[in-house]
>>> print(open('upload24.cif').read())   # mmCIF, C-alpha atoms
data_my_file
loop_
_atom_site.label_atom_id
_atom_site.label_comp_id
_atom_site.auth_asym_id
_atom_site.auth_seq_id
_atom_site.Cartn_x
_atom_site.Cartn_y
_atom_site.Cartn_z
CA MET A 4 27.84 -53.43 26.05
CA PHE A 5 26.12 -52.64 22.73
CA LYS A 6 23.03 -51.31 24.50
CA ILE A 7 25.15 -49.03 26.70
CA LYS A 8 26.89 -47.54 23.64
CA THR A 9 23.55 -47.00 21.89
CA ILE A 10 22.11 -45.24 24.93
CA LEU A 11 25.19 -43.01 25.20
CA ILE A 12 24.94 -42.02 21.49
CA VAL A 13 21.24 -41.20 21.81
CA LEU A 14 21.87 -39.10 24.91
CA PHE A 15 24.70 -37.25 23.12
CA VAL A 16 22.50 -36.45 20.11
CA VAL A 17 19.63 -35.27 22.31
CA SER A 18 21.96 -33.10 24.40
CA MET A 19 23.48 -31.48 21.30
CA THR A 20 20.13 -30.67 19.63
CA PRO A 21 19.63 -27.28 21.41
CA ILE A 22 23.15 -26.24 20.36
CA PHE A 23 22.48 -26.79 16.65
CA PRO A 24 18.73 -26.16 16.22
CA GLN A 25 17.02 -26.49 12.88
CA VAL A 26 15.27 -23.25 11.93
CA SER A 27 12.02 -24.28 10.26
CA PRO A 28 10.24 -21.81 7.97
CA GLU A 29 6.87 -20.28 8.64
CA ILE A 30 4.39 -21.45 6.00
CA GLN A 31 1.61 -19.19 4.74
CA LEU A 32 -1.41 -20.00 2.61
CA GLY A 33 -3.69 -17.39 1.11
CA VAL A 34 -6.68 -18.26 -1.09
CA ARG A 35 -9.42 -16.10 -2.52
CA GLY A 36 -12.28 -17.65 -4.43
CA LEU A 37 -14.38 -15.14 -6.37
CA THR A 38 -17.28 -15.90 -8.69
CA SER A 39 -19.87 -13.58 -10.14
CA ILE A 40 -22.67 -13.53 -12.66
CA ASN A 41 -22.04 -10.48 -14.87
CA MET A 42 -24.93 -8.98 -16.81
CA ASP A 43 -23.77 -6.34 -19.31
CA ILE A 44 -26.05 -3.87 -21.05
CA VAL A 45 -24.33 -1.87 -23.79
CA THR A 46 -25.39 1.13 -25.86
CA ASP A 47 -27.55 -0.79 -28.33
CA ASN A 48 -29.43 -2.44 -25.41
CA THR A 49 -27.71 -5.74 -26.10
CA THR A 50 -27.56 -7.83 -22.91
CA SER A 51 -25.14 -10.65 -22.15
CA ALA A 52 -24.54 -12.79 -19.05
CA VAL A 53 -21.23 -14.38 -18.06
CA ASN A 54 -20.27 -16.72 -15.22
CA ASP A 55 -17.03 -15.02 -14.18
CA PHE A 56 -14.42 -16.55 -11.84
CA SER A 57 -11.54 -14.24 -12.80
CA ASP A 58 -9.26 -12.95 -10.03
CA THR A 59 -9.67 -16.22 -8.13
CA GLY A 60 -6.18 -17.04 -6.92
CA ILE A 61 -3.93 -18.92 -4.53
CA LEU A 62 -0.79 -17.72 -2.75
CA LEU A 63 1.85 -19.78 -0.98
CA GLY A 64 4.50 -18.10 1.15
CA PHE A 65 7.51 -19.12 3.24
CA ARG A 66 9.19 -16.88 5.82
CA GLN A 67 12.53 -17.56 7.45
CA LYS A 68 14.46 -15.99 10.30
CA LEU A 69 17.89 -14.91 9.07
CA TYR A 70 21.15 -14.73 11.05
CA ASN A 71 20.60 -11.10 11.99
CA GLN A 72 17.67 -8.75 12.55
CA TYR A 73 16.25 -9.54 9.10
CA ARG A 74 13.82 -12.14 7.85
CA GLY A 75 13.40 -13.54 4.37
CA GLN A 76 10.25 -14.43 2.46
CA PHE A 77 9.41 -16.26 -0.74
CA VAL A 78 5.93 -15.97 -2.28
CA ILE A 79 4.50 -17.65 -5.34
CA GLY A 80 0.93 -17.08 -6.50
CA LEU A 81 -1.30 -17.78 -9.46
CA GLN A 82 -4.55 -16.22 -10.54
CA PHE A 83 -7.25 -16.90 -13.11
CA PRO A 84 -7.14 -13.94 -15.54
CA ASP A 85 -10.07 -12.20 -17.22
CA ALA A 86 -12.06 -14.33 -19.64
CA ASP A 87 -11.22 -12.14 -22.63
CA SER A 88 -7.46 -11.94 -21.94
CA ASP A 89 -4.77 -13.77 -23.90
CA LEU A 90 -2.82 -14.86 -20.79
CA GLY A 91 -3.99 -18.46 -20.89
CA GLN A 92 -5.80 -20.48 -18.23
CA VAL A 93 -3.70 -19.29 -15.27
CA PHE A 94 -1.44 -16.32 -14.69
CA PHE A 95 1.47 -16.19 -12.22
CA HIS A 96 0.93 -12.76 -10.72
CA GLN A 97 3.20 -13.12 -7.67
CA THR A 98 6.68 -14.66 -7.65
CA PHE A 99 9.13 -12.75 -5.51
CA LEU A 100 11.74 -12.85 -2.76
CA LYS A 101 11.78 -10.29 0.02
CA VAL A 102 14.25 -9.42 2.77
CA GLU A 103 13.09 -7.09 5.54
CA ASN A 104 13.59 -5.89 9.06
CA LYS A 105 11.63 -3.40 11.16
CA SER A 106 12.54 -0.41 8.96
CA ASN A 107 13.80 -1.66 5.58
CA ILE A 108 12.34 -3.86 2.85
CA LEU A 109 13.98 -5.18 -0.33
CA LYS A 110 11.65 -6.89 -2.81
CA MET A 111 12.66 -8.53 -6.08
CA GLY A 112 10.57 -10.56 -8.52
CA ARG A 113 7.09 -10.36 -10.00
CA SER A 114 4.35 -8.59 -8.07
CA ARG A 115 1.88 -5.71 -8.01
CA VAL A 116 3.38 -2.61 -9.59
CA ARG A 117 3.02 0.87 -8.04
CA SER A 118 0.35 2.02 -10.48
CA SER A 119 -1.95 2.91 -7.57
CA LEU A 120 -1.48 3.95 -3.95
CA ILE A 121 -4.77 2.83 -2.36
CA GLU A 122 -7.48 0.22 -2.77
CA PHE A 123 -11.11 1.03 -3.44
CA PRO A 124 -14.11 -1.02 -2.24
CA THR A 125 -15.01 -2.49 -5.62
CA LEU A 126 -15.66 -6.17 -6.23
CA ARG A 127 -12.52 -6.57 -8.34
CA ASP A 128 -9.47 -4.33 -8.47
CA ASP A 129 -9.91 -3.67 -12.21
CA ASP A 130 -13.59 -2.61 -12.06
CA ALA A 131 -12.57 1.05 -12.40
CA LEU A 132 -9.08 0.55 -13.82
CA ALA A 133 -9.07 3.68 -15.99
CA PHE A 134 -9.48 5.82 -12.86
CA THR A 135 -7.73 3.86 -10.10
CA ASP A 136 -4.46 2.94 -11.87
CA VAL A 137 -1.85 4.50 -14.09
CA LEU A 138 -2.31 2.79 -17.47
CA ASN A 139 0.58 0.86 -18.99
CA PRO A 140 1.76 2.77 -22.11
CA PHE A 141 3.52 -0.35 -23.44
CA SER A 142 0.33 -2.43 -23.51
CA ALA A 143 -2.09 -2.98 -26.36
CA GLY A 144 -4.95 -2.83 -23.86
CA GLU A 145 -6.11 -6.42 -24.21
CA ASN A 146 -5.25 -7.47 -20.64
CA THR A 147 -6.07 -5.53 -17.48
CA GLU A 148 -3.23 -7.43 -15.77
CA ASP A 149 -0.70 -5.54 -17.93
CA ASN A 150 -1.44 -2.42 -15.88
CA GLN A 151 -1.24 -4.08 -12.46
CA PHE A 152 1.54 -6.69 -12.47
CA GLY A 153 5.13 -6.66 -13.62
CA ASN A 154 8.69 -7.47 -12.65
CA VAL A 155 9.67 -5.27 -9.73
CA LEU A 156 12.80 -4.15 -7.93
CA GLU A 157 11.74 -2.16 -4.87
CA LEU A 158 13.45 -0.70 -1.83
CA ALA A 159 11.34 0.70 1.01
CA HIS A 160 12.21 2.46 4.25
CA VAL A 161 9.63 2.64 7.05
CA HIS A 162 10.02 5.32 9.72
CA ASN A 163 8.11 4.95 12.98
CA GLN A 164 5.91 2.31 11.30
CA ARG A 165 3.92 5.15 9.72
CA TYR A 166 6.02 6.86 7.07
CA TRP A 167 6.75 4.74 4.00
CA PHE A 168 9.28 5.88 1.42
CA ARG A 169 9.71 3.64 -1.63
CA ILE A 170 11.85 3.77 -4.74
CA HIS A 171 11.18 1.25 -7.47
CA GLY A 172 12.19 0.06 -10.89
CA GLU A 173 9.71 -2.02 -12.85
CA HIS A 174 9.30 -3.89 -16.09
CA PHE A 175 5.82 -3.48 -17.53
CA THR A 176 4.58 -6.03 -20.04
CA GLN A 177 5.03 -4.89 -23.64
CA THR A 178 2.32 -5.98 -26.08
CA PRO A 179 2.57 -6.65 -28.87
CA ILE A 180 6.16 -7.80 -28.50
CA ALA A 181 8.35 -5.36 -30.43
CA PRO A 182 10.86 -6.77 -32.97
CA ALA A 183 13.77 -5.50 -30.85
CA THR A 184 12.53 -7.23 -27.69
CA SER A 185 11.30 -10.63 -26.59
CA GLU A 186 9.07 -12.16 -23.97
CA THR A 187 12.18 -12.80 -21.85
CA ASP A 188 13.38 -9.18 -21.97
CA PHE A 189 12.95 -7.97 -18.39
CA SER A 190 14.87 -4.70 -18.65
CA LEU A 191 13.44 -1.88 -16.53
CA ASN A 192 11.07 0.40 -18.43
CA SER A 193 9.68 2.34 -15.46
CA VAL A 194 11.20 4.03 -12.41
CA GLY A 195 9.58 6.02 -9.66
CA PHE A 196 9.05 6.69 -5.99
CA SER A 197 6.27 7.15 -3.45
CA PHE A 198 5.94 8.69 0.01
CA VAL A 199 2.98 7.58 2.14
CA TYR A 200 1.84 8.27 5.67
CA ARG A 201 -0.21 5.28 6.81
CA VAL A 202 -1.63 4.38 10.20
CA PRO A 203 -0.55 0.82 11.18
CA GLU A 204 -3.28 -1.81 11.00
CA THR A 205 -2.85 -2.52 14.71
CA GLU A 206 -4.04 1.04 15.47
CA LEU A 207 -6.97 1.30 13.06
CA TRP A 208 -9.34 0.49 15.92
CA ASN A 209 -8.71 4.05 17.20
CA ARG A 210 -10.27 5.47 14.01
CA PRO A 211 -7.89 8.42 13.43
CA VAL A 212 -9.28 11.09 11.11
CA ILE A 213 -6.41 10.72 8.64
CA GLN A 214 -5.77 7.08 7.92
CA GLN A 215 -3.50 7.51 4.90
CA VAL A 216 -2.13 10.25 2.65
CA GLY A 217 0.47 9.81 -0.05
CA ILE A 218 2.13 10.96 -3.24
CA GLY A 219 3.72 8.87 -5.96
CA TYR A 220 5.52 9.42 -9.24
CA ASN A 221 6.00 6.97 -12.11
CA ASN A 222 8.29 7.68 -15.04
CA TYR A 223 7.98 5.38 -18.05
CA LEU A 224 11.13 5.00 -20.16
CA MET A 225 9.78 5.04 -23.67
CA ASP A 226 11.73 3.31 -26.43
CA LYS A 227 11.83 5.47 -29.55
CA SER A 228 12.07 2.36 -31.71
CA ASN A 229 8.56 1.45 -30.57
CA VAL A 230 6.94 4.86 -30.92
CA SER A 231 7.09 7.64 -33.42
CA ASN A 232 10.07 10.02 -33.19
CA GLU A 233 7.75 12.87 -32.29
CA TYR A 234 7.41 11.43 -28.76
CA SER A 235 9.88 12.27 -26.05
CA GLU A 236 11.72 9.51 -24.19
CA THR A 237 9.91 9.65 -20.84
CA LEU A 238 6.28 9.72 -19.76
CA GLY A 239 5.49 10.92 -16.23
CA ASN A 240 2.49 10.31 -13.99
CA VAL A 241 1.75 11.87 -10.59
CA ILE A 242 -0.53 10.17 -8.03
CA LEU A 243 -2.11 11.87 -5.00
CA SER A 244 -4.20 9.85 -2.54
CA THR A 245 -5.90 10.08 0.83
CA ILE A 246 -8.10 8.00 3.15
CA MET A 247 -10.08 9.72 5.91
CA ASN A 248 -12.34 8.31 8.62
CA LEU A 249 -15.50 10.41 8.80
CA ARG A 250 -16.92 8.95 12.00
CA ARG A 251 -14.89 7.62 14.91
CA ASP A 252 -17.36 4.93 15.88
CA PRO A 253 -16.38 1.26 16.44
CA VAL A 254 -19.75 -0.03 15.20
CA HIS A 255 -20.84 2.37 12.45
CA PHE A 256 -17.69 2.94 10.42
CA TRP A 257 -17.64 5.63 7.69
CA ASP A 258 -14.64 6.46 5.53
CA ILE A 259 -13.88 8.33 2.32
CA ARG A 260 -10.97 7.59 0.02
CA SER A 261 -9.87 9.51 -3.01
CA GLN A 262 -7.08 9.39 -5.57
CA ILE A 263 -6.01 11.77 -8.34
CA ILE A 264 -3.83 10.63 -11.24
CA SER A 265 -2.28 13.21 -13.54
CA ASN A 266 -0.75 11.85 -16.73
CA LEU A 267 1.71 14.52 -17.93
CA GLY A 268 1.43 13.07 -21.43
CA PHE A 269 3.05 14.13 -24.68
CA ASP A 270 2.40 17.63 -26.00
CA ASN A 271 1.52 16.78 -29.57
CA ILE A 272 -1.20 14.18 -29.05
CA ASN A 273 -4.41 16.03 -29.91
CA GLU A 274 -6.57 13.07 -30.90
CA ILE A 275 -7.02 9.47 -29.72
CA ALA A 276 -7.51 6.66 -32.20
CA THR A 277 -5.67 3.79 -30.49
CA TYR A 278 -5.14 2.50 -26.95
CA GLY A 279 -1.48 3.54 -27.13
CA GLU A 280 -2.47 7.15 -27.78
CA LEU A 281 -4.95 6.93 -24.90
CA THR A 282 -2.18 6.07 -22.43
CA ARG A 283 0.17 8.74 -23.79
CA ALA A 284 -2.29 11.66 -23.99
CA ARG A 285 -2.33 14.27 -21.22
CA SER A 286 -5.13 13.55 -18.76
CA ILE A 287 -6.25 14.07 -15.21
CA GLY A 288 -8.61 11.73 -13.40
CA ASN A 289 -10.12 11.28 -9.97
CA PHE A 290 -11.83 8.37 -8.24
CA THR A 291 -13.56 8.77 -4.86
CA SER A 292 -15.40 6.26 -2.65
CA LEU A 293 -17.72 6.75 0.29
CA ARG A 294 -18.05 3.59 2.39
CA TYR A 295 -20.14 2.47 5.37
CA ILE A 296 -19.33 -0.68 7.38
CA TYR A 297 -21.40 -2.13 10.19
CA ARG A 298 -18.90 -3.75 12.58
CA LYS A 299 -20.46 -5.26 15.67
CA LEU A 300 -17.81 -6.52 18.13
CA GLU A 301 -15.16 -5.53 15.54
CA ARG A 302 -16.54 -8.12 13.12
CA PRO A 303 -17.68 -6.62 9.78
CA THR A 304 -21.19 -7.71 8.82
CA VAL A 305 -22.44 -5.33 6.10
CA GLN A 306 -20.65 -2.96 3.77
CA LEU A 307 -22.21 -0.39 1.43
CA SER A 308 -20.21 1.88 -0.82
CA VAL A 309 -20.74 4.39 -3.60
CA SER A 310 -17.83 5.37 -5.85
CA GLY A 311 -17.45 7.76 -8.73
CA GLY A 312 -14.73 8.61 -11.20
CA TYR A 313 -14.16 11.29 -13.80
CA LYS A 314 -11.29 11.66 -16.27
CA THR A 315 -10.69 14.39 -18.81
CA TYR A 316 -8.22 14.88 -21.67
CA PRO A 317 -7.65 18.66 -21.95
CA ASP A 318 -5.36 18.69 -25.02
CA LEU A 319 -7.61 16.84 -27.45
CA THR A 320 -9.25 18.69 -30.32
CA ASN A 321 -12.47 16.76 -29.77
CA THR A 322 -13.54 17.28 -26.13
CA SER A 323 -13.18 13.85 -24.52
CA SER A 324 -13.89 12.48 -21.06
CA GLN A 325 -14.85 9.37 -19.10
CA MET A 326 -17.27 8.98 -16.20
CA GLN A 327 -18.03 5.95 -14.04
CA VAL A 328 -20.28 5.26 -11.05
CA VAL A 329 -20.01 2.07 -8.94
CA GLY A 330 -22.36 1.04 -6.13
CA ASN A 331 -22.26 -2.19 -4.16
CA ILE A 332 -23.35 -4.00 -1.01
CA PHE A 333 -21.61 -6.97 0.62
CA TYR A 334 -22.98 -9.15 3.41
CA ARG A 335 -20.84 -11.52 5.48
CA LEU A 336 -22.55 -14.92 5.51
CA GLY A 337 -19.92 -16.52 7.72
CA GLU A 338 -16.27 -16.34 8.62
CA ASN A 339 -14.56 -14.88 5.51
CA PHE A 340 -17.50 -15.86 3.26
CA ASP A 341 -19.38 -12.99 1.60
CA ALA A 342 -22.20 -12.38 -0.85
CA GLY A 343 -22.48 -9.17 -2.81
CA VAL A 344 -24.25 -7.18 -5.49
CA GLN A 345 -22.53 -4.50 -7.54
CA VAL A 346 -23.81 -2.13 -10.24
CA GLN A 347 -21.54 -0.16 -12.58
CA TYR A 348 -22.31 2.52 -15.12
CA GLN A 349 -19.71 3.98 -17.47
CA SER A 350 -20.08 6.76 -20.04
CA ASN A 351 -17.54 7.95 -22.63
CA LYS A 352 -17.42 11.08 -24.74
CA GLY A 353 -15.41 12.34 -27.70
CA ASP A 354 -12.58 10.17 -29.07
CA LEU A 355 -13.06 7.58 -26.32
CA ILE A 356 -16.30 6.34 -27.89
CA ASN A 357 -14.26 4.73 -30.68
CA ILE A 358 -12.34 2.64 -28.11
CA PHE A 359 -14.83 1.90 -25.33
CA GLY A 360 -18.22 2.62 -26.87
CA ASN A 361 -20.75 5.20 -25.72
CA GLU A 362 -21.96 3.74 -22.43
CA GLU A 363 -22.26 0.44 -20.57
CA THR A 364 -24.08 -0.85 -17.50
CA ARG A 365 -22.98 -3.95 -15.60
CA VAL A 366 -24.80 -5.78 -12.79
CA GLN A 367 -22.90 -8.42 -10.80
CA PHE A 368 -24.06 -11.00 -8.25
CA SER A 369 -21.10 -12.50 -6.43
CA LEU A 370 -19.83 -14.96 -3.83
CA ILE A 371 -16.39 -14.55 -2.23
CA TYR A 372 -14.45 -16.85 0.09
CA SER A 373 -11.04 -16.02 1.57
CA ILE A 374 -8.58 -18.20 3.47
CA ASP A 375 -5.53 -16.92 5.37
CA GLN A 376 -3.83 -19.87 7.05
CA LEU A 377 -0.52 -20.05 8.93
CA TRP A 378 1.69 -22.92 10.09
CA ASN A 379 4.68 -22.74 12.42
CA ASN A 380 3.82 -19.16 13.37
CA GLN A 381 7.01 -17.22 14.19
CA PHE A 382 6.50 -13.58 13.27
CA ASP A 383 4.21 -10.70 14.07
CA ASP A 384 2.42 -9.71 10.89
CA ARG A 385 3.08 -6.32 9.35
CA GLU A 386 0.96 -7.47 6.42
CA SER A 387 -0.72 -10.81 5.87
CA LEU A 388 -0.36 -12.79 2.66
CA LEU A 389 -3.86 -11.80 1.51
CA ASN A 390 -2.81 -8.13 1.62
CA LEU A 391 -1.23 -8.89 -1.75
CA GLU A 392 -4.73 -9.46 -3.12
CA HIS A 393 -7.48 -6.92 -3.63
CA GLY A 394 -9.72 -6.43 -0.59
CA TYR A 395 -12.98 -4.56 -0.04
CA ILE A 396 -13.98 -5.34 3.59
CA PRO A 397 -11.21 -4.64 6.18
#
>>> encode(input="upload24.cif", output="structure tokens")
Amino acid sequence: MFKIKTILIVLFVVSMTPIFPQVSPEIQLGVRGLTSINMDIVTDNTTSAVNDFSDTGILLGFRQKLYNQYRGQFVIGLQFPDADSDLGQVFFHQTFLKVENKSNILKMGRSRVRSSLIEFPTLRDDDALAFTDVLNPFSAGENTEDNQFGNVLELAHVHNQRYWFRIHGEHFTQTPIAPATSETDFSLNSVGFSFVYRVPETELWNRPVIQQVGIGYNNYLMDKSNVSNEYSETLGNVILSTIMNLRRDPVHFWDIRSQIISNLGFDNINEIATYGELTRARSIGNFTSLRYIYRKLERPTVQLSVSGGYKTYPDLTNTSSQMQVVGNIFYRLGENFDAGVQVQYQSNKGDLINIFGNEETRVQFSLIYSIDQLWNNQFDDRESLLNLEHGYIP
């Protein structure tokens, strides 16, 4: 009799399982290991070599089907910061929750801020930071991460999977910490929007001439208690960007990408003596890359790129400008494992010499390994987890 009851209970549980299913999350793992030997040659011909593993990071994500047309995602990620930063041994650069459906995305937490609209094929995303990103006016300039990561509140609408409209509020890191604030003060100090036309990744094989074009605007909410009363309360920056495919060839792939950043600045800054004045002075800068990729059977093997940037400060009494040239080559040794060489040259004029020096040359020999792993696959990917990290070979 006992065995019959046991069998009946087991059959009941098994029969009820499809009625009350357990919805398991999709688990994502993204890892990028990046090491390089950096050889720096500065103005006085002093040479130094550094074994650099900064920007190596790990990302862990969980995605869940919700009780409607939406899905939810949680991502947490840590990264090794630059050697000369004061962020400690590790830096949590991604910690956010996201809810999205086909056309709408809500993102809240810590992530990449909208200081740039496109990526450039440099080894690291901060190799040409002065030209590729809007600089954080609240930072003391010690950490490149201050310009790239912050607490974000972002709402995006995607039309026809090509037209992206975003509005965002962000909290940029403030260094040094002002007396009226604290390290736990996450109040918004930047608001803005962007509108981007972007060809979906699933259609990039067709090599359309225009791959992406966009405009963005960032407005920093300056606190008069932290700056002199001669400054106004807001600081605006306009970003214009485009990516164009020059040759519609599936094997020999050429593209050009360019971005212009105009810092509207404050009217009465006519000299630069500190990093804060550098970020608040009126400026206009451009960075452009020409890239060639050899892709046999749609698998990238070799990439060569040449990039150049120029930035000028028209309101300064002492004519000041920056110029940078970056050239690199990457070779794919195996699946997601690359070796590369990159050379950078930067020159500064006018007031910028006091902050950055006259000129500097850097040669880098690097190895890069990327992992993008998925368990319990449930969703089609609009963007993989590694899209949160800087990439140079598509």
>>> closest_residue(input="upload24.cif", among="A:Asp55, A:Ser310, A:Gly330, A:Ser118", to="A:Asn240", atoms="all atoms listed in the file")
A:Ser118
>>> closest_residue(input="upload24.cif", among="A:Phe83, A:Phe123, A:Tyr297, A:Trp208", to="A:Arg260", atoms="all atoms listed in the file")
A:Phe123
>>> resolve_selection(input="upload24.cif", expression="the PyMOL selection byres ((chain A and resi 61-71) around 7)", output="PyMOL selection string")
chain A and resi 28-35+60+72-82
>>> write_last_selection(input="upload24.cif", atoms="C-alpha atoms", output="PDB file, in the coordinates of the input")
ATOM      1  CA  PRO A  28      10.240 -21.810   7.970  1.00  0.00           C
ATOM      2  CA  GLU A  29       6.870 -20.280   8.640  1.00  0.00           C
ATOM      3  CA  ILE A  30       4.390 -21.450   6.000  1.00  0.00           C
ATOM      4  CA  GLN A  31       1.610 -19.190   4.740  1.00  0.00           C
ATOM      5  CA  LEU A  32      -1.410 -20.000   2.610  1.00  0.00           C
ATOM      6  CA  GLY A  33      -3.690 -17.390   1.110  1.00  0.00           C
ATOM      7  CA  VAL A  34      -6.680 -18.260  -1.090  1.00  0.00           C
ATOM      8  CA  ARG A  35      -9.420 -16.100  -2.520  1.00  0.00           C
ATOM      9  CA  GLY A  60      -6.180 -17.040  -6.920  1.00  0.00           C
ATOM     10  CA  GLN A  72      17.670  -8.750  12.550  1.00  0.00           C
ATOM     11  CA  TYR A  73      16.250  -9.540   9.100  1.00  0.00           C
ATOM     12  CA  ARG A  74      13.820 -12.140   7.850  1.00  0.00           C
ATOM     13  CA  GLY A  75      13.400 -13.540   4.370  1.00  0.00           C
ATOM     14  CA  GLN A  76      10.250 -14.430   2.460  1.00  0.00           C
ATOM     15  CA  PHE A  77       9.410 -16.260  -0.740  1.00  0.00           C
ATOM     16  CA  VAL A  78       5.930 -15.970  -2.280  1.00  0.00           C
ATOM     17  CA  ILE A  79       4.500 -17.650  -5.340  1.00  0.00           C
ATOM     18  CA  GLY A  80       0.930 -17.080  -6.500  1.00  0.00           C
ATOM     19  CA  LEU A  81      -1.300 -17.780  -9.460  1.00  0.00           C
ATOM     20  CA  GLN A  82      -4.550 -16.220 -10.540  1.00  0.00           C
TER      21      GLN A  82
END
>>> residues_around(input="upload24.cif", residues="A:Asp85", least_positions_apart="5", cutoff="8 Å", atoms="only C-alpha atoms", output="compact mmCIF listing (two decimals) with C-alpha atoms, keeping the file's coordinate frame")
# COMPACT_ATOMS: atom_id res chain seq x y z
CA SER A 57 -11.54 -14.24 -12.80
CA ASP A 58 -9.26 -12.95 -10.03
CA ASN A 146 -5.25 -7.47 -20.64
CA THR A 147 -6.07 -5.53 -17.48
>>> residues_near_point(input="upload24.cif", point="(-5.2, 11.3, 0.9)", cutoff="9 Å", atoms="only C-alpha atoms", output="list in words")
Ile213, Gln214, Gln215, Val216, Gly217, Ile218, Leu243, Ser244, Thr245, Ile246, Met247, Arg260, Ser261 and Gln262 of chain A
>>> write_last_selection(input="upload24.cif", atoms="C-alpha atoms", output="compact mmCIF listing (two decimals), in the coordinates of the input")
# COMPACT_ATOMS: atom_id res chain seq x y z
CA ILE A 213 -6.41 10.72 8.64
CA GLN A 214 -5.77 7.08 7.92
CA GLN A 215 -3.50 7.51 4.90
CA VAL A 216 -2.13 10.25 2.65
CA GLY A 217 0.47 9.81 -0.05
CA ILE A 218 2.13 10.96 -3.24
CA LEU A 243 -2.11 11.87 -5.00
CA SER A 244 -4.20 9.85 -2.54
CA THR A 245 -5.90 10.08 0.83
CA ILE A 246 -8.10 8.00 3.15
CA MET A 247 -10.08 9.72 5.91
CA ARG A 260 -10.97 7.59 0.02
CA SER A 261 -9.87 9.51 -3.01
CA GLN A 262 -7.08 9.39 -5.57
>>> closest_residue(input="upload24.cif", among="A:Leu389, A:Val309, A:Leu224, A:Val366", to="A:Ile44", atoms="only C-alpha atoms")
A:Val366
>>> residues_around(input="upload24.cif", residues="A:Asp318", least_positions_apart="2", cutoff="10 Å", atoms="all atoms listed in the file", output="PyMOL selection string")
chain A and resi 268-274+284-286+315-316+320-323
>>> atom_distance(input="upload24.cif", atom1="atom CA of A:Gly337", atom2="atom CA of A:Ile259")
26.1 Å
>>> resolve_selection(input="upload24.cif", expression="the PyMOL selection byres ((chain A and resi 154-160) around 7)", output="list in words")
Ser106, Asn107, Ile108, Leu109, Lys110, Met111, Gly112, Arg113, Ser114, Val116, Gly153, Val161, His162, Trp167, Phe168, Arg169, Ile170, His171, Gly172, Glu173, His174 and Phe175 of chain A
>>> closest_residue(input="upload24.cif", among="A:Glu280, A:Asp258, A:Asp128, A:Glu386", to="A:Leu355", atoms="only C-alpha atoms")
A:Glu280
>>> decode(input="upload24.cif", residues="stretch 296-305 of chain A", atoms="N, CA, C and O atoms", output="mmCIF file, in the first residue's frame")
data_model
loop_
_atom_site.group_PDB
_atom_site.id
_atom_site.type_symbol
_atom_site.label_atom_id
_atom_site.label_comp_id
_atom_site.auth_asym_id
_atom_site.auth_seq_id
_atom_site.Cartn_x
_atom_site.Cartn_y
_atom_site.Cartn_z
ATOM 1 N N ILE A 296 40.974 45.210 -42.570
ATOM 2 C CA ILE A 296 40.867 43.890 -41.950
ATOM 3 C C ILE A 296 40.834 42.836 -43.053
ATOM 4 O O ILE A 296 40.060 42.957 -44.010
ATOM 5 N N TYR A 297 41.666 41.835 -42.897
ATOM 6 C CA TYR A 297 41.638 40.685 -43.795
ATOM 7 C C TYR A 297 40.768 39.611 -43.141
ATOM 8 O O TYR A 297 41.099 39.073 -42.085
ATOM 9 N N ARG A 298 39.622 39.317 -43.767
ATOM 10 C CA ARG A 298 38.640 38.399 -43.199
ATOM 11 C C ARG A 298 38.365 37.277 -44.201
ATOM 12 O O ARG A 298 37.488 37.406 -45.055
ATOM 13 N N LYS A 299 39.098 36.212 -44.091
ATOM 14 C CA LYS A 299 38.861 35.061 -44.956
ATOM 15 C C LYS A 299 37.814 34.173 -44.300
ATOM 16 O O LYS A 299 37.930 33.817 -43.121
ATOM 17 N N LEU A 300 36.759 33.822 -45.075
ATOM 18 C CA LEU A 300 35.634 33.029 -44.562
ATOM 19 C C LEU A 300 35.004 33.699 -43.340
ATOM 20 O O LEU A 300 34.573 33.041 -42.385
ATOM 21 N N GLU A 301 34.925 35.033 -43.376
ATOM 22 C CA GLU A 301 34.328 35.844 -42.312
ATOM 23 C C GLU A 301 35.054 35.691 -40.979
ATOM 24 O O GLU A 301 34.497 35.986 -39.926
ATOM 25 N N ARG A 302 36.273 35.198 -41.014
ATOM 26 C CA ARG A 302 37.068 35.111 -39.778
ATOM 27 C C ARG A 302 38.214 36.101 -39.868
ATOM 28 O O ARG A 302 39.095 35.965 -40.725
ATOM 29 N N PRO A 303 38.242 37.134 -38.994
ATOM 30 C CA PRO A 303 39.325 38.128 -39.070
ATOM 31 C C PRO A 303 40.667 37.508 -38.736
ATOM 32 O O PRO A 303 40.801 36.747 -37.770
ATOM 33 N N THR A 304 41.672 37.818 -39.562
ATOM 34 C CA THR A 304 43.021 37.281 -39.364
ATOM 35 C C THR A 304 44.028 38.379 -39.055
ATOM 36 O O THR A 304 44.828 38.261 -38.126
ATOM 37 N N VAL A 305 44.001 39.462 -39.834
ATOM 38 C CA VAL A 305 44.950 40.569 -39.658
ATOM 39 C C VAL A 305 44.181 41.888 -39.678
ATOM 40 O O VAL A 305 43.253 42.069 -40.474
#
